[in-house]
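Just below is one structure, and these are the notes that go with it.
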Amino acid sequence: MQQRLVDAVILIEKNSSEIKYAEKTISREGYDIDVSKFDYFYGNVGAPNLSLKLSGPKIYKQLEHNYQRSQQICSILESQGFWNTVSGKEKLLNFFDIASKAPTLSTHSSEFGTTVAKVVETANVKYEVKFFHSIGDVSSVPKITTLIPKVKK
Amino acid sequence: MLIFNKSNDAIKDAGDGIVVLNFSDIPLRSWVFEYKGLKFALNVNQFGIEPSVAVRDGILFIGVEQAIFVVSANNGFVVNSISDIANIQWLEDDVDSCVIYVAEDELIVLNSHGDISWRKNLPDIIQNTDLVPECLHVSDVSGRVFTFNITDGAIVSSS
């Protein structure tokens, strides 16, 4: 049965973008998604502390890249109406439902499992969604690992 | 140190001695840089993250967005290219024998000639990496930590 995002929400503070969840993972038909992914997709990855720039420039740069990437995905999603709200995220889940049934673009395997990239195109954006099938998972329900939105113009 | 300039258009014409490399299947804009008199245009979709470039024995390793190109620094000839990557995040190039590209959810390790030594998809997005003698530590956003042998990608430890 499709699990809706709203079922996992336990608190929505009015006039706040903060959403808390009762569950760590949302199960949909054909895939699961950790709710923490929404932090990554919606720019809620903390910017690295500036003090790290001197004390640990390498890790600062890596954390900065994660932050920039998260911001970039968020910017494109919101430009396409996938807002950082419960309803916006529900819309994104509905989009992932379509992606899970979309054509496979590429497949890569390792001792950890298999990553399958699926592609969905809209008028303005080409989305690649990555699904990871863990080895040893007999049900073989994949988890969404990342999303690569590419604007067309 | 290389300086990357932004061009708000993808550069299609390889004329005027420019080496044009497509790092996205939807190139909209371009990073431009020069290396030893050769001018490179790296066509990308977004300007989110700067290219990661390493040099080994006259070979340039260039990674950004969804591709890695290995190019002769003498004439711009493409030695190797890999184009089905999630997104290049950064590289580890403090190892003489190889160049380690860290993408969102995978590691791609090239030898000094530009051939793939090993490539490994991981269960989640990589948060940070660190080199230790002969090994690479990898932490992902789910809190897992892996250690890989740099030479062959064998898992040394995971937790």
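Labeling convention for the structure tokens: chains A, B, ... as they appear, residues from 1 per chain, ligands from 1 in order of appearance.
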
Residues at most 12 Å from segment 115-122 of chain A, counting only C-alpha atoms, excluding those fewer than 6 positions away in the same chain, as a PDB file with N, CA and C atoms, in the first residue's frame?
```
ATOM      1  N   TYR A  31       9.456   1.117  -4.170  1.00  0.00           N
ATOM      2  CA  TYR A  31      10.685   1.710  -3.633  1.00  0.00           C
ATOM      3  C   TYR A  31      10.444   2.272  -2.239  1.00  0.00           C
ATOM      4  N   GLN A  80      10.255  24.137 -10.178  1.00  0.00           N
ATOM      5  CA  GLN A  80       9.302  23.286 -10.894  1.00  0.00           C
ATOM      6  C   GLN A  80       8.069  22.962 -10.046  1.00  0.00           C
ATOM      7  N   PHE A  95       6.008  11.972  -8.115  1.00  0.00           N
ATOM      8  CA  PHE A  95       6.938  12.000  -9.247  1.00  0.00           C
ATOM      9  C   PHE A  95       7.891  10.802  -9.189  1.00  0.00           C
ATOM     10  N   PHE A  96       8.368  10.488  -7.985  1.00  0.00           N
ATOM     11  CA  PHE A  96       9.252   9.316  -7.847  1.00  0.00           C
ATOM     12  C   PHE A  96       8.521   8.019  -8.206  1.00  0.00           C
ATOM     13  N   ASP A  97       7.197   7.987  -7.936  1.00  0.00           N
ATOM     14  CA  ASP A  97       6.412   6.810  -8.342  1.00  0.00           C
ATOM     15  C   ASP A  97       6.556   6.586  -9.848  1.00  0.00           C
ATOM     16  N   ILE A  98       6.466   7.684 -10.576  1.00  0.00           N
ATOM     17  CA  ILE A  98       6.604   7.602 -12.041  1.00  0.00           C
ATOM     18  C   ILE A  98       8.031   7.185 -12.400  1.00  0.00           C
ATOM     19  N   ALA A  99       8.995   7.797 -11.695  1.00  0.00           N
ATOM     20  CA  ALA A  99      10.407   7.498 -11.989  1.00  0.00           C
ATOM     21  C   ALA A  99      10.731   6.026 -11.746  1.00  0.00           C
ATOM     22  N   SER A 100      10.107   5.440 -10.713  1.00  0.00           N
ATOM     23  CA  SER A 100      10.433   4.038 -10.393  1.00  0.00           C
ATOM     24  C   SER A 100      10.014   3.092 -11.511  1.00  0.00           C
ATOM     25  N   LYS A 101       9.087   3.548 -12.321  1.00  0.00           N
ATOM     26  CA  LYS A 101       8.619   2.701 -13.435  1.00  0.00           C
ATOM     27  C   LYS A 101       9.205   3.163 -14.775  1.00  0.00           C
ATOM     28  N   ALA A 102      10.089   4.126 -14.720  1.00  0.00           N
ATOM     29  CA  ALA A 102      10.634   4.716 -15.949  1.00  0.00           C
ATOM     30  C   ALA A 102      11.746   3.848 -16.533  1.00  0.00           C
ATOM     31  N   PRO A 103      12.135   4.129 -17.766  1.00  0.00           N
ATOM     32  CA  PRO A 103      13.215   3.356 -18.390  1.00  0.00           C
ATOM     33  C   PRO A 103      14.528   3.494 -17.623  1.00  0.00           C
ATOM     34  N   THR A 104      15.290   2.417 -17.649  1.00  0.00           N
ATOM     35  CA  THR A 104      16.599   2.416 -16.989  1.00  0.00           C
ATOM     36  C   THR A 104      17.635   3.073 -17.887  1.00  0.00           C
ATOM     37  N   LEU A 105      18.387   3.988 -17.281  1.00  0.00           N
ATOM     38  CA  LEU A 105      19.434   4.687 -18.034  1.00  0.00           C
ATOM     39  C   LEU A 105      20.770   3.969 -17.892  1.00  0.00           C
ATOM     40  N   SER A 106      21.068   3.556 -16.665  1.00  0.00           N
ATOM     41  CA  SER A 106      22.336   2.854 -16.433  1.00  0.00           C
ATOM     42  C   SER A 106      22.218   2.003 -15.175  1.00  0.00           C
ATOM     43  N   THR A 107      23.096   1.015 -15.070  1.00  0.00           N
ATOM     44  CA  THR A 107      23.126   0.113 -13.918  1.00  0.00           C
ATOM     45  C   THR A 107      24.582  -0.102 -13.514  1.00  0.00           C
ATOM     46  N   HIS A 108      24.855   0.025 -12.220  1.00  0.00           N
ATOM     47  CA  HIS A 108      26.198  -0.255 -11.712  1.00  0.00           C
ATOM     48  C   HIS A 108      26.082  -1.128 -10.472  1.00  0.00           C
ATOM     49  N   SER A 109      26.940  -2.138 -10.406  1.00  0.00           N
ATOM     50  CA  SER A 109      26.887  -3.070  -9.278  1.00  0.00           C
ATOM     51  C   SER A 109      28.232  -3.150  -8.574  1.00  0.00           C
ATOM     52  N   GLU A 128      17.164  12.510 -13.501  1.00  0.00           N
ATOM     53  CA  GLU A 128      17.655  11.153 -13.301  1.00  0.00           C
ATOM     54  C   GLU A 128      17.487  10.831 -11.812  1.00  0.00           C
ATOM     55  N   VAL A 129      16.905   9.685 -11.547  1.00  0.00           N
ATOM     56  CA  VAL A 129      16.680   9.265 -10.161  1.00  0.00           C
ATOM     57  C   VAL A 129      17.431   7.959  -9.961  1.00  0.00           C
ATOM     58  N   LYS A 130      18.202   7.890  -8.890  1.00  0.00           N
ATOM     59  CA  LYS A 130      18.985   6.674  -8.634  1.00  0.00           C
ATOM     60  C   LYS A 130      18.339   5.841  -7.542  1.00  0.00           C
ATOM     61  N   PHE A 131      18.191   4.556  -7.835  1.00  0.00           N
ATOM     62  CA  PHE A 131      17.611   3.586  -6.904  1.00  0.00           C
ATOM     63  C   PHE A 131      18.691   2.569  -6.548  1.00  0.00           C
ATOM     64  N   PHE A 132      18.862   2.323  -5.258  1.00  0.00           N
ATOM     65  CA  PHE A 132      19.893   1.371  -4.818  1.00  0.00           C
ATOM     66  C   PHE A 132      19.240   0.107  -4.292  1.00  0.00           C
ATOM     67  N   HIS A 133      19.549  -1.015  -4.923  1.00  0.00           N
ATOM     68  CA  HIS A 133      19.069  -2.332  -4.479  1.00  0.00           C
ATOM     69  C   HIS A 133      20.167  -2.955  -3.631  1.00  0.00           C
ATOM     70  N   SER A 134      19.910  -3.100  -2.346  1.00  0.00           N
ATOM     71  CA  SER A 134      20.933  -3.639  -1.451  1.00  0.00           C
ATOM     72  C   SER A 134      21.059  -5.144  -1.625  1.00  0.00           C
ATOM     73  N   ILE A 135      22.295  -5.616  -1.591  1.00  0.00           N
ATOM     74  CA  ILE A 135      22.523  -7.061  -1.657  1.00  0.00           C
ATOM     75  C   ILE A 135      22.044  -7.686  -0.350  1.00  0.00           C
ATOM     76  N   SER A 140      14.126  -7.046  -2.256  1.00  0.00           N
ATOM     77  CA  SER A 140      14.716  -6.257  -3.333  1.00  0.00           C
ATOM     78  C   SER A 140      13.983  -4.943  -3.590  1.00  0.00           C
ATOM     79  N   VAL A 141      13.473  -4.357  -2.532  1.00  0.00           N
ATOM     80  CA  VAL A 141      12.870  -3.026  -2.685  1.00  0.00           C
ATOM     81  C   VAL A 141      13.995  -2.003  -2.653  1.00  0.00           C
ATOM     82  N   PRO A 142      14.163  -1.250  -3.718  1.00  0.00           N
ATOM     83  CA  PRO A 142      15.276  -0.303  -3.737  1.00  0.00           C
ATOM     84  C   PRO A 142      14.971   0.957  -2.925  1.00  0.00           C
ATOM     85  N   LYS A 143      16.040   1.627  -2.546  1.00  0.00           N
ATOM     86  CA  LYS A 143      15.910   2.928  -1.889  1.00  0.00           C
ATOM     87  C   LYS A 143      16.409   4.010  -2.838  1.00  0.00           C
ATOM     88  N   ILE A 144      15.768   5.145  -2.792  1.00  0.00           N
ATOM     89  CA  ILE A 144      16.247   6.273  -3.598  1.00  0.00           C
ATOM     90  C   ILE A 144      17.511   6.829  -2.954  1.00  0.00           C
ATOM     91  N   THR A 145      18.552   6.966  -3.774  1.00  0.00           N
ATOM     92  CA  THR A 145      19.786   7.542  -3.238  1.00  0.00           C
ATOM     93  C   THR A 145      19.939   9.007  -3.621  1.00  0.00           C
ATOM     94  N   THR A 146      19.711   9.313  -4.898  1.00  0.00           N
ATOM     95  CA  THR A 146      19.874  10.720  -5.272  1.00  0.00           C
ATOM     96  C   THR A 146      19.032  11.072  -6.489  1.00  0.00           C
ATOM     97  N   LEU A 147      19.016  12.335  -6.750  1.00  0.00           N
ATOM     98  CA  LEU A 147      18.209  12.916  -7.814  1.00  0.00           C
ATOM     99  C   LEU A 147      19.087  13.910  -8.565  1.00  0.00           C
ATOM    100  N   ILE A 148      19.072  13.793  -9.881  1.00  0.00           N
ATOM    101  CA  ILE A 148      19.887  14.704 -10.703  1.00  0.00           C
ATOM    102  C   ILE A 148      18.971  15.444 -11.658  1.00  0.00           C
ATOM    103  N   PRO A 149      18.544  16.639 -11.275  1.00  0.00           N
ATOM    104  CA  PRO A 149      17.705  17.410 -12.190  1.00  0.00           C
ATOM    105  C   PRO A 149      18.552  18.281 -13.108  1.00  0.00           C
ATOM    106  N   LYS A 150      18.222  18.241 -14.389  1.00  0.00           N
ATOM    107  CA  LYS A 150      18.957  19.082 -15.346  1.00  0.00           C
ATOM    108  C   LYS A 150      17.954  19.925 -16.114  1.00  0.00           C
ATOM    109  N   VAL A 151      18.095  21.234 -15.966  1.00  0.00           N
ATOM    110  CA  VAL A 151      17.161  22.108 -16.652  1.00  0.00           C
ATOM    111  C   VAL A 151      17.498  22.134 -18.142  1.00  0.00           C
ATOM    112  N   LYS A 152      16.451  22.306 -18.949  1.00  0.00           N
ATOM    113  CA  LYS A 152      16.656  22.226 -20.398  1.00  0.00           C
ATOM    114  C   LYS A 152      16.976  23.568 -21.045  1.00  0.00           C
TER     115      LYS A 152
ATOM    116  N   ILE B  26      22.793  17.764 -21.463  1.00  0.00           N
ATOM    117  CA  ILE B  26      22.047  19.009 -21.712  1.00  0.00           C
ATOM    118  C   ILE B  26      22.979  20.178 -21.382  1.00  0.00           C
ATOM    119  N   ASP B  84      28.528   8.373 -17.502  1.00  0.00           N
ATOM    120  CA  ASP B  84      27.276   8.019 -16.812  1.00  0.00           C
ATOM    121  C   ASP B  84      27.459   8.083 -15.294  1.00  0.00           C
ATOM    122  N   ILE B  85      27.858   9.238 -14.826  1.00  0.00           N
ATOM    123  CA  ILE B  85      28.167   9.440 -13.403  1.00  0.00           C
ATOM    124  C   ILE B  85      27.081  10.331 -12.791  1.00  0.00           C
ATOM    125  N   ALA B  86      26.785  10.117 -11.500  1.00  0.00           N
ATOM    126  CA  ALA B  86      25.752  10.938 -10.847  1.00  0.00           C
ATOM    127  C   ALA B  86      26.158  12.402 -10.865  1.00  0.00           C
ATOM    128  N   ASP B 105      27.507   9.206  -5.337  1.00  0.00           N
ATOM    129  CA  ASP B 105      27.260   7.892  -4.745  1.00  0.00           C
ATOM    130  C   ASP B 105      28.224   6.825  -5.256  1.00  0.00           C
ATOM    131  N   GLU B 106      29.350   7.248  -5.779  1.00  0.00           N
ATOM    132  CA  GLU B 106      30.301   6.241  -6.246  1.00  0.00           C
ATOM    133  C   GLU B 106      31.721   6.789  -6.296  1.00  0.00           C
ATOM    134  N   LYS B 120      33.153   1.879  -8.045  1.00  0.00           N
ATOM    135  CA  LYS B 120      32.314   1.225  -7.045  1.00  0.00           C
ATOM    136  C   LYS B 120      31.137   2.118  -6.656  1.00  0.00           C
ATOM    137  N   ASN B 121      29.928   1.587  -6.870  1.00  0.00           N
ATOM    138  CA  ASN B 121      28.745   2.313  -6.390  1.00  0.00           C
ATOM    139  C   ASN B 121      28.545   2.007  -4.908  1.00  0.00           C
ATOM    140  N   LEU B 122      28.107   3.011  -4.167  1.00  0.00           N
ATOM    141  CA  LEU B 122      27.907   2.874  -2.721  1.00  0.00           C
ATOM    142  C   LEU B 122      26.416   2.979  -2.382  1.00  0.00           C
ATOM    143  N   PRO B 123      26.038   2.562  -1.171  1.00  0.00           N
ATOM    144  CA  PRO B 123      24.608   2.559  -0.820  1.00  0.00           C
ATOM    145  C   PRO B 123      23.982   3.940  -0.662  1.00  0.00           C
ATOM    146  N   ASP B 124      24.813   4.969  -0.445  1.00  0.00           N
ATOM    147  CA  ASP B 124      24.220   6.292  -0.215  1.00  0.00           C
ATOM    148  C   ASP B 124      25.197   7.381  -0.647  1.00  0.00           C
ATOM    149  N   ILE B 125      24.802   8.602  -0.441  1.00  0.00           N
ATOM    150  CA  ILE B 125      25.615   9.738  -0.884  1.00  0.00           C
ATOM    151  C   ILE B 125      26.861   9.878  -0.005  1.00  0.00           C
TER     152      ILE B 125
END
```

Select from segment 79-152 of chain A everything DSSP, run on the backbone, classes as strand (DSSP E), then give the selection as a CSV table (one decimal) with all heavy atoms, in the first residue's frame.
```csv
chain,number,residue,atom,x,y,z
A,104,THR,N,15.3,2.4,-17.6
A,104,THR,CA,16.6,2.4,-17.0
A,104,THR,C,17.6,3.1,-17.9
A,104,THR,O,17.7,2.8,-19.1
A,104,THR,CB,17.0,1.0,-16.7
A,104,THR,OG1,16.1,0.4,-15.7
A,104,THR,CG2,18.4,0.9,-16.1
A,105,LEU,N,18.4,4.0,-17.3
A,105,LEU,CA,19.4,4.7,-18.0
A,105,LEU,C,20.8,4.0,-17.9
A,105,LEU,O,21.5,3.8,-18.8
A,105,LEU,CB,19.5,6.1,-17.5
A,105,LEU,CG,20.5,7.0,-18.2
A,105,LEU,CD1,20.0,7.4,-19.6
A,105,LEU,CD2,20.7,8.3,-17.4
A,106,SER,N,21.1,3.6,-16.7
A,106,SER,CA,22.3,2.9,-16.4
A,106,SER,C,22.2,2.0,-15.2
A,106,SER,O,21.4,2.2,-14.3
A,106,SER,CB,23.5,3.8,-16.3
A,106,SER,OG,23.3,4.6,-15.1
A,107,THR,N,23.1,1.0,-15.1
A,107,THR,CA,23.1,0.1,-13.9
A,107,THR,C,24.6,-0.1,-13.5
A,107,THR,O,25.4,-0.3,-14.4
A,107,THR,CB,22.5,-1.2,-14.3
A,107,THR,OG1,21.2,-1.0,-14.7
A,107,THR,CG2,22.5,-2.2,-13.1
A,108,HIS,N,24.9,0.0,-12.2
A,108,HIS,CA,26.2,-0.3,-11.7
A,108,HIS,C,26.1,-1.1,-10.5
A,108,HIS,O,25.2,-0.9,-9.6
A,108,HIS,CB,26.9,1.0,-11.4
A,108,HIS,CG,27.2,1.9,-12.5
A,108,HIS,ND1,28.2,1.6,-13.5
A,108,HIS,CD2,26.7,3.0,-13.0
A,108,HIS,CE1,28.2,2.5,-14.4
A,108,HIS,NE2,27.3,3.4,-14.1
A,109,SER,N,26.9,-2.1,-10.4
A,109,SER,CA,26.9,-3.1,-9.3
A,109,SER,C,28.2,-3.1,-8.6
A,109,SER,O,29.3,-3.0,-9.2
A,109,SER,CB,26.5,-4.5,-9.8
A,109,SER,OG,25.2,-4.5,-10.3
A,110,SER,N,28.2,-3.4,-7.3
A,110,SER,CA,29.4,-3.7,-6.5
A,110,SER,C,29.0,-4.7,-5.4
A,110,SER,O,27.8,-5.2,-5.4
A,110,SER,CB,29.8,-2.4,-5.8
A,110,SER,OG,28.9,-1.9,-4.8
A,113,GLY,N,25.7,-3.7,-3.6
A,113,GLY,CA,24.4,-3.8,-4.3
A,113,GLY,C,24.4,-3.2,-5.7
A,113,GLY,O,25.5,-3.0,-6.2
A,114,THR,N,23.2,-2.9,-6.2
A,114,THR,CA,23.1,-2.4,-7.6
A,114,THR,C,22.4,-1.1,-7.6
A,114,THR,O,21.4,-0.9,-6.9
A,114,THR,CB,22.3,-3.4,-8.4
A,114,THR,OG1,23.0,-4.7,-8.5
A,114,THR,CG2,22.2,-2.9,-9.9
A,115,THR,N,23.0,-0.1,-8.2
A,115,THR,CA,22.4,1.2,-8.4
A,115,THR,C,21.8,1.3,-9.8
A,115,THR,O,22.5,1.1,-10.8
A,115,THR,CB,23.4,2.3,-8.2
A,115,THR,OG1,24.0,2.2,-6.9
A,115,THR,CG2,22.8,3.7,-8.3
A,116,VAL,N,20.6,1.6,-9.9
A,116,VAL,CA,19.9,1.7,-11.2
A,116,VAL,C,19.5,3.2,-11.4
A,116,VAL,O,18.8,3.7,-10.5
A,116,VAL,CB,18.6,0.8,-11.2
A,116,VAL,CG1,17.9,1.0,-12.5
A,116,VAL,CG2,19.0,-0.6,-11.1
A,117,ALA,N,19.9,3.8,-12.4
A,117,ALA,CA,19.5,5.2,-12.7
A,117,ALA,C,18.3,5.1,-13.7
A,117,ALA,O,18.3,4.5,-14.7
A,117,ALA,CB,20.6,5.9,-13.3
A,118,LYS,N,17.2,5.8,-13.3
A,118,LYS,CA,16.0,5.9,-14.2
A,118,LYS,C,15.9,7.4,-14.6
A,118,LYS,O,16.3,8.3,-13.9
A,118,LYS,CB,14.8,5.5,-13.4
A,118,LYS,CG,14.9,4.1,-12.8
A,118,LYS,CD,14.0,3.2,-13.5
A,118,LYS,CE,14.0,1.8,-12.9
A,118,LYS,NZ,13.0,0.9,-13.6
A,119,VAL,N,15.2,7.6,-15.8
A,119,VAL,CA,15.1,8.9,-16.3
A,119,VAL,C,13.7,9.3,-16.6
A,119,VAL,O,13.0,8.5,-17.2
A,119,VAL,CB,16.1,9.1,-17.5
A,119,VAL,CG1,15.7,8.1,-18.6
A,119,VAL,CG2,16.1,10.5,-18.0
A,120,VAL,N,13.3,10.5,-16.2
A,120,VAL,CA,12.0,11.0,-16.5
A,120,VAL,C,12.2,12.5,-17.1
A,120,VAL,O,12.9,13.2,-16.5
A,120,VAL,CB,11.1,11.1,-15.3
A,120,VAL,CG1,9.7,11.7,-15.7
A,120,VAL,CG2,10.9,9.7,-14.7
A,121,GLU,N,11.6,12.8,-18.2
A,121,GLU,CA,11.7,14.1,-18.7
A,121,GLU,C,10.4,14.8,-18.7
A,121,GLU,O,9.3,14.3,-19.0
A,121,GLU,CB,12.2,14.0,-20.2
A,121,GLU,CG,13.6,13.6,-20.3
A,121,GLU,CD,14.2,13.9,-21.7
A,121,GLU,OE1,14.0,15.1,-22.1
A,121,GLU,OE2,14.8,13.0,-22.3
A,125,VAL,N,12.6,20.0,-17.6
A,125,VAL,CA,13.7,19.4,-16.8
A,125,VAL,C,13.8,17.9,-17.2
A,125,VAL,O,12.8,17.2,-17.4
A,125,VAL,CB,13.5,19.5,-15.3
A,125,VAL,CG1,14.6,18.9,-14.5
A,125,VAL,CG2,13.3,21.0,-14.9
A,126,LYS,N,15.1,17.5,-17.2
A,126,LYS,CA,15.3,16.0,-17.3
A,126,LYS,C,15.8,15.6,-16.0
A,126,LYS,O,16.8,16.1,-15.4
A,126,LYS,CB,16.4,15.8,-18.4
A,126,LYS,CG,16.7,14.3,-18.6
A,126,LYS,CD,17.7,14.1,-19.7
A,126,LYS,CE,18.0,12.6,-19.9
A,126,LYS,NZ,19.0,12.4,-21.0
A,127,TYR,N,15.1,14.6,-15.4
A,127,TYR,CA,15.5,14.1,-14.0
A,127,TYR,C,16.1,12.7,-14.2
A,127,TYR,O,15.5,11.9,-14.8
A,127,TYR,CB,14.2,14.0,-13.2
A,127,TYR,CG,13.5,15.3,-12.9
A,127,TYR,CD1,12.5,15.8,-13.8
A,127,TYR,CD2,13.8,16.1,-11.8
A,127,TYR,CE1,11.8,16.9,-13.5
A,127,TYR,CE2,13.1,17.3,-11.5
A,127,TYR,CZ,12.1,17.7,-12.4
A,127,TYR,OH,11.4,18.8,-12.2
A,128,GLU,N,17.2,12.5,-13.5
A,128,GLU,CA,17.7,11.2,-13.3
A,128,GLU,C,17.5,10.8,-11.8
A,128,GLU,O,17.9,11.6,-11.0
A,128,GLU,CB,19.1,11.0,-13.7
A,128,GLU,CG,19.3,11.1,-15.2
A,128,GLU,CD,20.8,11.1,-15.6
A,128,GLU,OE1,21.6,10.6,-14.9
A,128,GLU,OE2,21.1,11.7,-16.7
A,129,VAL,N,16.9,9.7,-11.5
A,129,VAL,CA,16.7,9.3,-10.2
A,129,VAL,C,17.4,8.0,-10.0
A,129,VAL,O,17.3,7.0,-10.8
A,129,VAL,CB,15.2,9.1,-9.9
A,129,VAL,CG1,15.0,8.7,-8.4
A,129,VAL,CG2,14.4,10.3,-10.3
A,130,LYS,N,18.2,7.9,-8.9
A,130,LYS,CA,19.0,6.7,-8.6
A,130,LYS,C,18.3,5.8,-7.5
A,130,LYS,O,18.0,6.3,-6.5
A,130,LYS,CB,20.4,7.0,-8.3
A,130,LYS,CG,21.2,7.5,-9.5
A,130,LYS,CD,22.7,7.4,-9.2
A,130,LYS,CE,23.5,7.5,-10.5
A,130,LYS,NZ,24.9,7.1,-10.3
A,131,PHE,N,18.2,4.6,-7.8
A,131,PHE,CA,17.6,3.6,-6.9
A,131,PHE,C,18.7,2.6,-6.5
A,131,PHE,O,19.3,2.0,-7.4
A,131,PHE,CB,16.4,2.9,-7.6
A,131,PHE,CG,15.3,3.8,-7.9
A,131,PHE,CD1,15.2,4.5,-9.1
A,131,PHE,CD2,14.2,3.9,-7.0
A,131,PHE,CE1,14.2,5.3,-9.4
A,131,PHE,CE2,13.1,4.7,-7.3
A,131,PHE,CZ,13.1,5.4,-8.6
A,132,PHE,N,18.9,2.3,-5.3
A,132,PHE,CA,19.9,1.4,-4.8
A,132,PHE,C,19.2,0.1,-4.3
A,132,PHE,O,18.5,0.1,-3.3
A,132,PHE,CB,20.8,2.0,-3.7
A,132,PHE,CG,21.9,1.1,-3.2
A,132,PHE,CD1,23.0,0.9,-4.0
A,132,PHE,CD2,21.7,0.4,-2.0
A,132,PHE,CE1,24.0,0.0,-3.6
A,132,PHE,CE2,22.7,-0.5,-1.6
A,132,PHE,CZ,23.8,-0.7,-2.4
A,133,HIS,N,19.5,-1.0,-4.9
A,133,HIS,CA,19.1,-2.3,-4.5
A,133,HIS,C,20.2,-3.0,-3.6
A,133,HIS,O,21.2,-3.3,-4.2
A,133,HIS,CB,18.8,-3.3,-5.7
A,133,HIS,CG,17.7,-2.8,-6.6
A,133,HIS,ND1,16.5,-3.3,-6.6
A,133,HIS,CD2,17.7,-1.8,-7.5
A,133,HIS,CE1,15.7,-2.7,-7.5
A,133,HIS,NE2,16.5,-1.8,-8.1
A,134,SER,N,19.9,-3.1,-2.3
A,134,SER,CA,20.9,-3.6,-1.5
A,134,SER,C,21.1,-5.1,-1.6
A,134,SER,O,20.1,-5.9,-1.8
A,134,SER,CB,20.5,-3.3,0.0
A,134,SER,OG,21.5,-3.8,0.9
A,143,LYS,N,16.0,1.6,-2.5
A,143,LYS,CA,15.9,2.9,-1.9
A,143,LYS,C,16.4,4.0,-2.8
A,143,LYS,O,17.4,3.8,-3.6
A,143,LYS,CB,16.8,3.0,-0.6
A,143,LYS,CG,16.0,2.5,0.6
A,143,LYS,CD,16.9,2.9,1.9
A,143,LYS,CE,16.1,2.5,3.1
A,143,LYS,NZ,16.8,2.8,4.3
A,144,ILE,N,15.8,5.1,-2.8
A,144,ILE,CA,16.2,6.3,-3.6
A,144,ILE,C,17.5,6.8,-3.0
A,144,ILE,O,17.5,7.1,-1.7
A,144,ILE,CB,15.2,7.4,-3.7
A,144,ILE,CG1,14.1,6.9,-4.6
A,144,ILE,CG2,15.8,8.7,-4.2
A,144,ILE,CD1,12.9,7.9,-4.9
A,145,THR,N,18.6,7.0,-3.8
A,145,THR,CA,19.8,7.5,-3.2
A,145,THR,C,19.9,9.0,-3.6
A,145,THR,O,20.3,9.8,-2.8
A,145,THR,CB,21.0,6.8,-3.7
A,145,THR,OG1,21.0,6.6,-5.1
A,145,THR,CG2,21.1,5.4,-3.1
A,146,THR,N,19.7,9.3,-4.9
A,146,THR,CA,19.9,10.7,-5.3
A,146,THR,C,19.0,11.1,-6.5
A,146,THR,O,18.4,10.2,-7.2
A,146,THR,CB,21.3,11.1,-5.5
A,146,THR,OG1,21.5,12.5,-5.5
A,146,THR,CG2,21.9,10.5,-6.8
A,147,LEU,N,19.0,12.3,-6.7
A,147,LEU,CA,18.2,12.9,-7.8
A,147,LEU,C,19.1,13.9,-8.6
A,147,LEU,O,19.8,14.7,-8.0
A,147,LEU,CB,17.0,13.6,-7.2
A,147,LEU,CG,16.2,14.6,-8.0
A,147,LEU,CD1,15.4,13.7,-9.1
A,147,LEU,CD2,15.2,15.3,-7.1
A,148,ILE,N,19.1,13.8,-9.9
A,148,ILE,CA,19.9,14.7,-10.7
A,148,ILE,C,19.0,15.4,-11.7
A,148,ILE,O,18.6,14.9,-12.7
A,148,ILE,CB,21.0,13.9,-11.5
A,148,ILE,CG1,21.8,13.1,-10.5
A,148,ILE,CG2,21.8,14.9,-12.3
A,148,ILE,CD1,22.3,11.8,-11.1
A,149,PRO,N,18.5,16.6,-11.3
A,149,PRO,CA,17.7,17.4,-12.2
A,149,PRO,C,18.6,18.3,-13.1
A,149,PRO,O,19.5,18.9,-12.7
A,149,PRO,CB,16.9,18.3,-11.2
A,149,PRO,CG,17.7,18.4,-10.0
A,149,PRO,CD,18.7,17.3,-10.0
A,150,LYS,N,18.2,18.2,-14.4
A,150,LYS,CA,19.0,19.1,-15.3
A,150,LYS,C,18.0,19.9,-16.1
A,150,LYS,O,17.1,19.4,-16.8
A,150,LYS,CB,19.7,18.2,-16.3
A,150,LYS,CG,20.9,17.5,-15.7
A,150,LYS,CD,21.6,16.5,-16.6
A,150,LYS,CE,20.9,15.2,-16.6
A,150,LYS,NZ,21.6,14.2,-17.4
A,151,VAL,N,18.1,21.2,-16.0
A,151,VAL,CA,17.2,22.1,-16.7
A,151,VAL,C,17.5,22.1,-18.1
A,151,VAL,O,18.7,22.0,-18.5
A,151,VAL,CB,17.2,23.5,-16.1
A,151,VAL,CG1,16.7,23.5,-14.6
A,151,VAL,CG2,18.6,24.1,-16.1
```

Select, as a ChimeraX atom specification, those residues of chain B with any atom no more than 10 Å from chain A (distances computed using only C-alpha atoms).
/B:24-29,44-50,65-66,84-91,102,104-106,119-130,141-142,154-155

For Pro133 of chain B, the nearest of the candidates B:His113, B:Ala73, B:Leu107, B:Val95, counting only C-alpha atoms:
B:Val95

Which of B:Phe77, B:Tyr101, B:Ser112, B:Cys135 sits closest to Asp57 of chain B [using only C-alpha atoms]:
B:Ser112

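For the set A:Tyr21, A:Arg28, A:Ser55, A:Cys74, the residue with the smallest atom-to-atom gap to Gly43 of chain A is A:Cys74, counting only C-alpha atoms.
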
Set the distance at 12 Å and use only C-alpha atoms: which residues neighbour Asp115 of chain B once local chain neighbours fewer than 3 positions away are removed? I'd like the list as a PyMOL selection string.
chain B and resi 59+61+68-71+78-82+97-100+108-112+118-119

What is the distance, in Å and to one decimal place, between atom CA of Glu29 of chain A and atom CA of Tyr42 of chain A?
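Result for atom CA of Glu29 of chain A versus atom CA of Tyr42 of chain A: 22.8 Å, one decimal.
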